[in-house]
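Below is protein-v7.csv, which holds CSV, C-alpha atoms.
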chain,number,residue,atom,x,y,z
A,1,MET,CA,152.7,194.1,157.0
A,2,THR,CA,149.8,196.3,156.3
A,3,SER,CA,147.3,195.0,158.9
A,4,GLU,CA,145.7,197.5,161.2
A,5,PRO,CA,147.5,198.0,164.5
A,6,ARG,CA,145.7,196.7,167.5
A,7,PRO,CA,144.2,199.3,169.9
A,8,PRO,CA,147.0,201.1,171.6
A,9,ASP,CA,146.3,200.4,175.2
A,10,PRO,CA,143.7,198.6,177.3
A,11,VAL,CA,144.2,201.1,180.2
A,12,PRO,CA,143.5,204.8,180.4
A,13,GLU,CA,146.3,207.1,179.2
A,14,GLU,CA,146.9,208.6,182.6
A,15,ALA,CA,147.7,205.1,183.9
A,16,VAL,CA,150.5,204.7,181.4
A,17,GLN,CA,152.0,207.9,182.8
A,18,GLY,CA,152.3,206.4,186.2
A,19,GLN,CA,149.0,206.7,188.0
A,20,VAL,CA,148.2,203.6,190.1
A,21,VAL,CA,145.2,201.8,188.7
A,22,GLU,CA,143.4,200.1,191.6
A,23,LEU,CA,142.0,196.9,190.4
A,24,PRO,CA,138.8,195.5,191.8
A,25,ALA,CA,139.9,191.9,192.0
A,26,ALA,CA,143.0,189.8,191.7
A,27,SER,CA,141.6,188.2,188.5
A,28,ARG,CA,141.5,191.7,187.0
A,29,VAL,CA,145.3,191.6,187.0
A,30,ALA,CA,145.2,188.5,184.9
A,31,ASP,CA,142.6,190.1,182.6
A,32,MET,CA,144.7,193.2,182.1
A,33,ALA,CA,147.8,191.1,181.6
A,34,ILE,CA,146.2,188.9,179.0
A,35,ASP,CA,145.7,192.0,176.9
A,36,GLU,CA,149.3,193.0,177.5
A,37,LEU,CA,150.3,189.5,176.6
A,38,GLU,CA,149.0,190.1,173.0
A,39,MET,CA,151.8,192.6,172.7
A,40,ILE,CA,154.3,190.2,174.3
A,41,TYR,CA,153.3,187.5,171.9
A,42,ALA,CA,153.7,189.9,168.9
A,43,PHE,CA,157.1,191.0,170.3
A,44,ILE,CA,158.3,187.4,170.8
A,45,TYR,CA,157.0,186.3,167.4
A,46,SER,CA,158.9,189.1,165.8
A,47,ARG,CA,162.1,187.7,167.3
A,48,VAL,CA,161.6,184.0,166.8
A,49,GLY,CA,159.7,184.0,163.5
A,50,ASN,CA,157.4,181.0,164.2
A,51,ARG,CA,154.2,180.4,166.0
A,52,ALA,CA,155.0,177.3,168.0
A,53,ASP,CA,158.1,178.8,169.7
A,54,ALA,CA,156.3,182.2,170.2
A,55,GLU,CA,153.4,180.4,171.9
A,56,ASP,CA,155.7,178.4,174.2
A,57,LEU,CA,157.7,181.5,175.1
A,58,THR,CA,154.7,183.7,175.7
A,59,GLN,CA,153.3,181.0,178.0
A,60,GLN,CA,156.5,181.0,179.8
A,61,VAL,CA,156.4,184.7,180.3
A,62,ALA,CA,152.8,184.6,181.5
A,63,MET,CA,153.4,181.8,184.0
A,64,THR,CA,156.5,183.5,185.3
A,65,ALA,CA,155.3,187.1,185.5
A,66,ILE,CA,151.6,187.2,186.1
A,67,PRO,CA,151.3,185.3,189.4
A,68,ARG,CA,153.7,187.9,190.7
A,69,LEU,CA,151.7,190.9,189.7
A,70,ARG,CA,149.4,192.1,192.3
A,71,GLN,CA,146.3,194.2,192.6
A,72,GLY,CA,147.1,197.9,192.3
A,73,SER,CA,150.1,197.4,190.0
A,74,PRO,CA,150.2,200.3,187.6
A,75,ALA,CA,149.7,199.4,184.0
A,76,SER,CA,153.1,200.7,183.1
A,77,ALA,CA,154.6,198.4,185.7
A,78,VAL,CA,152.7,195.4,184.4
A,79,ARG,CA,153.9,196.1,180.9
A,80,GLY,CA,157.4,196.8,182.0
A,81,TYR,CA,157.6,193.6,184.0
A,82,LEU,CA,156.1,191.5,181.2
A,83,PHE,CA,158.6,192.9,178.7
A,84,ALA,CA,161.5,192.4,181.1
A,85,THR,CA,160.4,188.8,181.6
A,86,ALA,CA,160.0,188.4,177.8
A,87,ARG,CA,163.5,189.7,177.3
A,88,SER,CA,164.8,187.3,179.9
A,89,VAL,CA,162.9,184.4,178.4
A,90,LEU,CA,164.1,185.2,174.8
A,91,GLY,CA,167.7,185.4,176.1
A,92,GLY,CA,167.3,182.0,177.6
A,93,PHE,CA,165.7,180.7,174.4
A,94,TRP,CA,168.5,181.8,172.1
A,95,SER,CA,171.1,180.8,174.6
A,96,THR,CA,169.7,177.3,174.8
A,97,ARG,CA,169.1,176.9,171.1
A,98,LEU,CA,172.5,178.2,170.1
A,99,GLY,CA,174.4,176.6,173.0
A,100,LEU,CA,175.8,180.0,174.1
A,101,SER,CA,175.9,181.7,177.4
A,102,GLU,CA,173.6,184.7,177.5
A,103,SER,CA,176.7,186.9,177.9
A,104,GLU,CA,177.8,185.7,174.5
A,105,LEU,CA,174.6,186.8,172.9
A,106,HIS,CA,174.7,190.2,171.4
A,107,GLU,CA,172.3,192.7,172.9
A,108,ASP,CA,170.5,193.1,169.6
A,109,LEU,CA,170.0,189.4,169.1
A,110,ALA,CA,167.0,189.0,171.2
A,111,MET,CA,167.0,191.4,174.1
A,112,ALA,CA,166.3,194.8,172.7
A,113,MET,CA,163.0,196.1,173.9
A,114,PRO,CA,160.7,197.7,171.3
A,115,GLN,CA,160.1,201.4,172.0
A,116,SER,CA,156.4,201.2,171.1
A,117,GLY,CA,155.8,197.7,172.3
A,118,TYR,CA,154.1,196.8,169.1
A,119,SER,CA,155.5,194.5,166.5
A,120,GLU,CA,154.9,197.1,163.8
A,121,GLU,CA,158.1,198.5,164.9
A,122,SER,CA,159.9,195.2,164.2
A,123,VAL,CA,158.3,195.0,160.8
A,124,GLU,CA,159.3,198.6,160.1
A,125,ARG,CA,162.8,197.9,161.3
A,126,VAL,CA,163.1,195.0,158.9
A,127,ARG,CA,162.1,197.2,156.1
A,128,GLN,CA,164.6,199.8,157.1
A,129,VAL,CA,167.3,197.2,157.4
A,130,LEU,CA,166.6,195.9,153.9
A,131,GLU,CA,166.8,199.4,152.5
A,132,GLN,CA,170.4,199.6,153.7
A,133,LEU,CA,171.5,196.6,151.7
A,134,SER,CA,172.9,196.4,148.2
A,135,ASP,CA,170.4,195.7,145.5
A,136,ASN,CA,171.3,192.0,145.2
A,137,TYR,CA,171.2,191.3,148.9
A,138,ARG,CA,167.9,193.1,149.3
A,139,ARG,CA,166.4,191.3,146.4
A,140,VAL,CA,167.4,187.9,147.6
A,141,LEU,CA,166.0,188.5,151.1
A,142,GLU,CA,162.8,190.1,149.8
A,143,LEU,CA,162.1,187.2,147.4
A,144,ARG,CA,163.0,184.5,149.9
A,145,PHE,CA,161.4,185.9,153.1
A,146,LEU,CA,158.8,188.4,152.1
A,147,HIS,CA,157.5,186.6,149.0
A,148,GLY,CA,158.3,183.1,150.1
A,149,TYR,CA,160.2,182.0,147.0
A,150,SER,CA,162.1,178.7,147.0
A,151,LEU,CA,165.9,178.9,146.3
A,152,LYS,CA,165.2,177.6,142.8
A,153,GLU,CA,162.6,180.3,142.2
A,154,VAL,CA,165.0,183.0,143.5
A,155,ALA,CA,167.7,181.6,141.2
A,156,ALA,CA,165.4,181.7,138.2
A,157,GLU,CA,164.3,185.3,139.1
A,158,MET,CA,167.8,186.5,139.6
A,159,ARG,CA,169.3,184.5,136.7
A,160,SER,CA,171.7,182.7,138.9
A,161,THR,CA,172.2,179.2,140.3
A,162,VAL,CA,170.8,177.6,143.4
A,163,GLY,CA,174.3,177.3,144.9
A,164,ALA,CA,175.1,181.0,144.3
A,165,VAL,CA,171.7,182.1,145.7
A,166,LYS,CA,172.3,180.1,148.8
A,167,VAL,CA,175.7,181.8,149.4
A,168,MET,CA,174.2,185.2,148.6
A,169,GLN,CA,171.4,184.5,151.1
A,170,LEU,CA,173.9,183.9,153.8
A,171,ARG,CA,176.0,186.9,153.0
A,172,ALA,CA,172.8,189.1,152.8
A,173,LEU,CA,171.7,187.8,156.2
A,174,ARG,CA,175.1,188.6,157.7
A,175,ALA,CA,175.1,192.0,156.1
A,176,ALA,CA,171.6,192.7,157.4
A,177,ALA,CA,172.6,191.7,160.9
A,178,LYS,CA,175.3,194.3,160.8
A,179,VAL,CA,173.0,197.1,159.8
A,180,ARG,CA,172.7,199.6,162.7
A,181,LEU,CA,169.8,201.9,162.6
A,182,ASP,CA,169.6,205.1,164.5
A,183,GLY,CA,167.2,205.1,167.5
B,1,MET,CA,182.6,166.7,156.2
B,2,GLY,CA,180.8,169.5,158.1
B,3,GLU,CA,177.8,171.2,156.7
B,4,ARG,CA,178.7,174.3,154.7
B,5,PRO,CA,177.6,177.6,156.4
B,6,GLU,CA,175.3,178.5,153.5
B,7,SER,CA,173.6,175.1,153.7
B,8,ARG,CA,173.4,175.3,157.4
B,9,VAL,CA,171.6,178.7,157.3
B,10,ASP,CA,169.4,177.7,154.4
B,11,ARG,CA,168.2,174.6,156.4
B,12,ILE,CA,167.1,177.0,159.2
B,13,VAL,CA,165.6,179.5,156.8
B,14,SER,CA,163.6,176.8,155.0
B,15,GLY,CA,162.2,175.6,158.3
B,16,LEU,CA,161.2,179.0,159.3
B,17,LEU,CA,159.5,179.7,156.0
B,18,ARG,CA,157.5,176.5,156.5
B,19,GLY,CA,156.4,177.8,159.9
B,20,ARG,CA,158.4,175.3,161.8
B,21,ARG,CA,160.1,175.7,165.1
B,22,LEU,CA,163.7,176.9,165.2
B,23,LYS,CA,165.7,173.7,165.2
B,24,LEU,CA,169.4,174.4,165.6
B,25,ARG,CA,172.3,172.0,165.7
B,26,GLY,CA,175.7,172.1,167.3
B,27,GLY,CA,177.9,174.6,165.4
B,28,ASP,CA,174.9,176.8,164.2
B,29,ALA,CA,176.0,179.4,166.7
B,30,GLU,CA,178.8,180.3,164.3
B,31,GLU,CA,176.1,182.0,162.2
B,32,LYS,CA,174.1,183.3,165.1
B,33,GLU,CA,173.7,186.8,163.7
B,34,ALA,CA,172.5,185.5,160.4
B,35,ILE,CA,170.1,183.0,162.1
B,36,VAL,CA,168.6,185.7,164.4
B,37,MET,CA,168.2,188.0,161.4
B,38,ALA,CA,166.5,185.1,159.4
B,39,ALA,CA,164.0,184.7,162.3
B,40,ARG,CA,163.2,188.4,162.2
B,41,LEU,CA,162.7,188.4,158.5
B,42,ALA,CA,160.5,185.3,158.6
B,43,ALA,CA,158.4,187.1,161.3
B,44,ALA,CA,158.1,190.2,159.2
B,45,ARG,CA,156.6,188.2,156.3
B,46,GLY,CA,153.3,187.8,158.1
B,47,GLY,CA,153.2,191.2,159.6
B,48,PRO,CA,152.3,191.8,163.3
B,49,GLN,CA,150.9,188.7,164.9
B,50,ARG,CA,148.2,188.0,167.3
B,51,MET,CA,147.6,185.0,169.5
B,52,SER,CA,145.3,182.4,168.1
B,53,PRO,CA,142.0,182.2,169.9
B,54,ALA,CA,142.8,178.7,171.0
B,55,PHE,CA,146.1,179.7,172.5
B,56,ARG,CA,144.6,182.7,174.2
B,57,GLN,CA,141.9,180.6,175.7
B,58,ARG,CA,144.5,178.1,176.9
B,59,LEU,CA,146.5,180.8,178.4
B,60,VAL,CA,143.5,182.3,180.2
B,61,LYS,CA,142.6,178.9,181.7
B,62,GLN,CA,146.2,178.4,182.9
B,63,LEU,CA,146.3,181.8,184.5
B,64,GLN,CA,143.0,181.4,186.2
B,65,ALA,CA,144.3,178.1,187.7
B,66,THR,CA,147.5,179.8,189.0
B,67,PRO,CA,147.2,181.5,192.4
B,68,PRO,CA,148.7,185.0,192.6
B,69,GLU,CA,151.7,185.5,194.8
B,70,SER,CA,151.2,188.2,197.4
B,71,TRP,CA,153.4,190.6,195.5
B,72,MET,CA,156.2,190.8,193.0
B,73,THR,CA,159.3,190.5,195.1
B,74,ARG,CA,162.7,191.7,194.3
B,75,ARG,CA,163.7,188.1,193.8
B,76,ALA,CA,161.0,187.8,191.2
B,77,ALA,CA,162.4,190.9,189.5
B,78,LEU,CA,165.8,189.3,189.5
B,79,VAL,CA,164.4,186.1,187.9
B,80,ALA,CA,162.8,188.3,185.3
B,81,GLY,CA,166.1,189.8,184.4
B,82,LEU,CA,165.2,193.2,185.8
B,83,GLY,CA,167.7,192.4,188.5
B,84,VAL,CA,170.6,193.2,186.2
B,85,VAL,CA,170.1,196.7,187.4
B,86,ALA,CA,168.3,195.9,190.6
B,87,GLY,CA,171.0,193.5,191.7
B,88,ALA,CA,173.9,195.7,190.7
B,89,VAL,CA,172.4,198.8,192.1
B,90,GLY,CA,170.6,197.3,195.0
B,91,GLY,CA,171.4,198.5,198.4
B,92,GLY,CA,170.0,198.9,201.8
B,93,LEU,CA,170.5,200.4,205.1
B,94,LEU,CA,173.6,200.2,207.2
B,95,GLY,CA,174.7,202.9,209.4
B,96,ARG,CA,178.1,203.9,210.6
B,97,SER,CA,178.9,206.5,213.1
B,98,LEU,CA,180.9,209.4,211.9
B,99,ASP,CA,184.0,208.2,213.6
B,100,GLY,CA,183.9,205.1,211.4
B,101,SER,CA,182.8,202.6,214.0
B,102,GLY,CA,179.5,201.1,215.1
B,103,SER,CA,176.3,200.6,213.2
B,104,GLN,CA,173.2,202.7,212.8
B,105,PRO,CA,170.2,202.0,215.1
B,106,GLY,CA,167.2,200.9,213.2
B,107,ALA,CA,169.1,199.2,210.4
B,108,THR,CA,167.3,196.0,210.7
B,109,ALA,CA,165.2,195.0,207.7
B,110,GLY,CA,166.8,194.7,204.3
B,111,HIS,CA,169.5,192.4,203.2
B,112,VAL,CA,173.0,193.8,203.2
B,113,VAL,CA,174.5,194.2,199.8
B,114,ARG,CA,177.9,192.6,199.7
B,115,PRO,CA,179.3,193.2,196.3
B,116,THR,CA,181.9,190.7,195.0
B,117,ASN,CA,185.2,192.6,194.7
B,118,GLY,CA,183.5,195.5,196.4
B,119,ARG,CA,185.5,198.7,196.9
B,120,TRP,CA,184.9,201.7,199.1
B,121,VAL,CA,183.9,204.7,196.9
B,122,ASP,CA,184.2,208.3,198.1
B,123,VAL,CA,180.8,209.9,197.7
B,124,GLY,CA,181.6,213.3,199.3
B,125,SER,CA,182.4,215.1,202.4
B,126,VAL,CA,180.2,214.6,205.5
B,127,ALA,CA,179.4,218.3,205.3
B,128,ASP,CA,177.8,217.7,201.9
B,129,PHE,CA,175.1,215.7,203.5
B,130,VAL,CA,172.3,217.8,205.1
B,131,PRO,CA,171.1,216.1,208.3
B,132,GLY,CA,167.8,214.3,207.7
B,133,GLU,CA,167.9,214.6,203.9
B,134,ALA,CA,168.6,211.5,201.8
B,135,ARG,CA,171.0,212.2,199.0
B,136,MET,CA,171.4,209.9,196.0
B,137,VAL,CA,174.9,208.7,195.4
B,138,LYS,CA,176.5,206.3,193.0
B,139,ALA,CA,179.3,204.0,194.1
B,140,GLY,CA,180.1,202.5,190.7
B,141,ALA,CA,177.2,200.3,189.9
B,142,VAL,CA,175.7,200.6,193.4
B,143,GLY,CA,173.2,203.3,193.8
B,144,ALA,CA,172.2,204.4,197.3
B,145,PHE,CA,170.5,207.1,199.2
B,146,VAL,CA,172.8,208.3,202.0
B,147,THR,CA,171.3,210.1,205.0
B,148,ARG,CA,173.1,211.8,207.8
B,149,ASN,CA,171.5,211.7,211.2
B,150,GLY,CA,173.4,213.6,213.7
B,151,ASP,CA,176.5,211.7,214.3
B,152,SER,CA,175.8,208.9,212.0
B,153,VAL,CA,175.2,208.2,208.3
B,154,SER,CA,173.1,205.4,206.8
B,155,ALA,CA,172.5,204.3,203.3
B,156,VAL,CA,169.6,202.5,201.6
B,157,SER,CA,169.2,201.1,198.2
B,158,SER,CA,168.2,203.5,195.4
B,159,ILE,CA,166.0,200.7,194.0
B,160,CYS,CA,162.5,199.9,195.2
B,161,SER,CA,162.3,196.6,197.0
B,162,ASP,CA,159.1,195.7,195.2
B,163,LEU,CA,159.4,197.0,191.6
B,164,PRO,CA,162.8,197.5,190.0
B,165,CYS,CA,162.4,201.2,189.7
B,166,GLU,CA,164.8,203.9,191.0
B,167,LEU,CA,163.5,205.8,194.0
B,168,TRP,CA,163.5,209.6,194.4
B,169,TRP,CA,163.7,211.7,197.5
B,170,ASP,CA,160.6,213.7,198.3
B,171,SER,CA,161.9,216.3,200.7
B,172,SER,CA,158.5,217.6,201.5
B,173,GLN,CA,157.4,214.3,202.8
B,174,HIS,CA,160.8,213.2,203.9
B,175,SER,CA,160.4,209.9,202.2
B,176,LEU,CA,161.8,207.9,199.3
B,177,VAL,CA,159.2,207.4,196.7
B,178,CYS,CA,159.0,204.7,194.0
B,179,PRO,CA,157.7,206.3,190.8
B,180,CYS,CA,156.5,203.0,189.5
B,181,HIS,CA,153.7,202.6,192.0
B,182,ASN,CA,153.7,205.5,194.4
B,183,ARG,CA,154.9,203.5,197.4
B,184,ALA,CA,157.1,205.2,199.9
B,185,PHE,CA,159.9,204.3,202.3
B,186,THR,CA,161.5,206.1,205.1
B,187,ALA,CA,165.1,207.3,204.7
B,188,GLN,CA,166.0,204.3,206.7
B,189,GLY,CA,164.3,202.0,204.3
B,190,SER,CA,161.1,201.0,206.0
B,191,SER,CA,158.0,200.8,204.0
B,192,ILE,CA,155.4,203.6,204.8
B,193,GLY,CA,151.7,203.0,204.7
B,194,THR,CA,149.3,200.3,205.5
B,195,TYR,CA,150.4,198.1,202.6
B,196,LYS,CA,153.8,197.0,203.8
B,197,LEU,CA,156.5,196.3,201.3
B,198,PRO,CA,159.8,194.6,202.1
B,199,SER,CA,162.3,197.1,203.4
B,200,LEU,CA,165.0,198.4,201.2
B,201,ASP,CA,168.3,196.5,201.2
B,202,VAL,CA,171.3,197.7,203.1
B,203,VAL,CA,174.2,199.5,201.5
B,204,GLN,CA,177.3,199.6,203.5
B,205,VAL,CA,178.6,203.0,204.3
B,206,ARG,CA,181.4,204.4,206.4
B,207,VAL,CA,183.1,207.7,207.2
B,208,ARG,CA,186.9,208.1,206.9
B,209,GLU,CA,188.6,211.4,207.7
B,210,GLY,CA,185.4,213.4,207.2
B,211,ARG,CA,184.6,211.7,203.9
B,212,VAL,CA,181.6,209.4,203.3
B,213,GLU,CA,182.4,206.2,201.6
B,214,VAL,CA,180.0,203.7,200.2
B,215,LEU,CA,180.8,200.0,199.4
B,216,GLY,CA,180.3,199.8,195.7
B,217,VAL,CA,181.9,198.0,192.7

Can the structure in the file be given as structure tokens, please?
Amino acid sequence: MTSEPRPPDPVPEEAVQGQVVELPAASRVADMAIDELEMIYAFIYSRVGNRADAEDLTQQVAMTAIPRLRQGSPASAVRGYLFATARSVLGGFWSTRLGLSESELHEDLAMAMPQSGYSEESVERVRQVLEQLSDNYRRVLELRFLHGYSLKEVAAEMRSTVGAVKVMQLRALRAAAKVRLDG
Amino acid sequence: MGERPESRVDRIVSGLLRGRRLKLRGGDAEEKEAIVMAARLAAARGGPQRMSPAFRQRLVKQLQATPPESWMTRRAALVAGLGVVAGAVGGGLLGRSLDGSGSQPGATAGHVVRPTNGRWVDVGSVADFVPGEARMVKAGAVGAFVTRNGDSVSAVSSICSDLPCELWWDSSQHSLVCPCHNRAFTAQGSSIGTYKLPSLDVVQVRVREGRVEVLGV
């Protein structure tokens, strides 16, 4: 959670503000997009929580979006298109895994686009969500997820039983999912 | 007997904490919010992630082997999910003479938007439209630039045919400009410049008793 953010942008600042960046060759589009895909990967990882799924979905985004980008696409458009594709791919992922139609998925489940584009925002949001929970709920989630404790270890730490911790974990996750943060 | 919800969710949590793929079973959707939150928390544990060098290399190779399409089409935008807006707000060019009959000359290129359960939406009096100037209107979820030309009105989509961005009317150049890549279109929807883009789609428009109506939703 404390690692250094990656460099903010591979393209000049003015390009982000809308100036068209003329690219010398078609392969340059892919080069630029690969850098952008680092952000997409981090974004997807922050939503699915595991490397294997994140890699598959990032690859899906790349294969869908990048061949359609063309020379002269502004950096902001490349990023916007990649993120839009990522949101669509994530929607499909959750929809398939949960057996729900995408319309049944809540907007926040997978689709919300990070404002900054970096997954630090996701990490920070998780911290803010935890802060909104009651002490017990926050504690059980911190121990389990952030410190990687087993149920038994959490139970010992909280002087409870494995069964009770399991129930508390579910209730804490439900409560965390209900937290709405401003912005 | 079915799996208890707390056991169901802990099974998923345990898998995530071991770095495994999300494996969900029938019925897990009942706890979808908790499961999605668990995935986010599991992701937060390791902090921001970067692609592994091996995966990055694999991706580069795959991309290099994939020929680029000539441009990102509006269809591609739809596939990407951008079309939620582009599709709903998409439009084009379809003229109607001010007496409510006949079509606008030059309305040839884009597809005609035919909204399901479409309805005619009053977007103002004919007098509100300055001849030769495209004016942005909303007909429910359909956005369009309506232009009055003498005795006729025409309407084109407010969304670029290339990138899913909302156009704006540059009155000094008399053109519709896409802010996402500085491409321009005529008020009738044709691409301007040497690099031709698909023409804007057609939004249906008519005049009834001095009022301009656009087919929206």

List as a PDB file with C-alpha atoms, keeping the file's coordinate frame the protein and nucleic acid residues near B:Cys160, meaning an atom at most 8 Å away when only C-alpha atoms are counted, but skip any in the same chain fewer than 6 places from it.
ATOM      1  CA  GLU B 166     164.800 203.900 191.000  1.00  0.00           C
ATOM      2  CA  LEU B 167     163.500 205.800 194.000  1.00  0.00           C
ATOM      3  CA  CYS B 178     159.000 204.700 194.000  1.00  0.00           C
ATOM      4  CA  LEU B 200     165.000 198.400 201.200  1.00  0.00           C
TER       5      LEU B 200
END

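From atom CA of A:Arg79 back to atom CA of B:Val113, the distance works out to 28.0 Å.
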
task = Point out the residue among B:Ala39, B:Met51, B:Arg45, B:Ile12 with the least atom-to-atom distance to A:Asp56, counting all atoms listed in the file.
result =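 Of B:Ala39, B:Met51, B:Arg45, B:Ile12, the one nearest A:Asp56, counting all atoms listed in the file, is B:Met51.
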
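With only C-alpha atoms as the atoms that count, the residue of A:Leu133, A:Leu151, A:Leu146, A:Val123 with the shortest distance to A:Ser46 is A:Val123.
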
remark   = chain B proximity check over A:Arg139, A:Val162, A:Arg87, A:Gln128, using all atoms listed in the file: winner is A:Arg87

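Closest approach to chain B among A:Val167, A:Ala54, A:Val61, A:Ile40 is made by A:Val167 (distances from all atoms listed in the file).
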
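Using all atoms listed in the file, the residues found no farther than 9 Å from A:Gly148, other than those of its own chain fewer than 3 positions away, are Glu142, Leu143, Arg144 and Phe145 of chain A; Leu17 and Arg45 of chain B.
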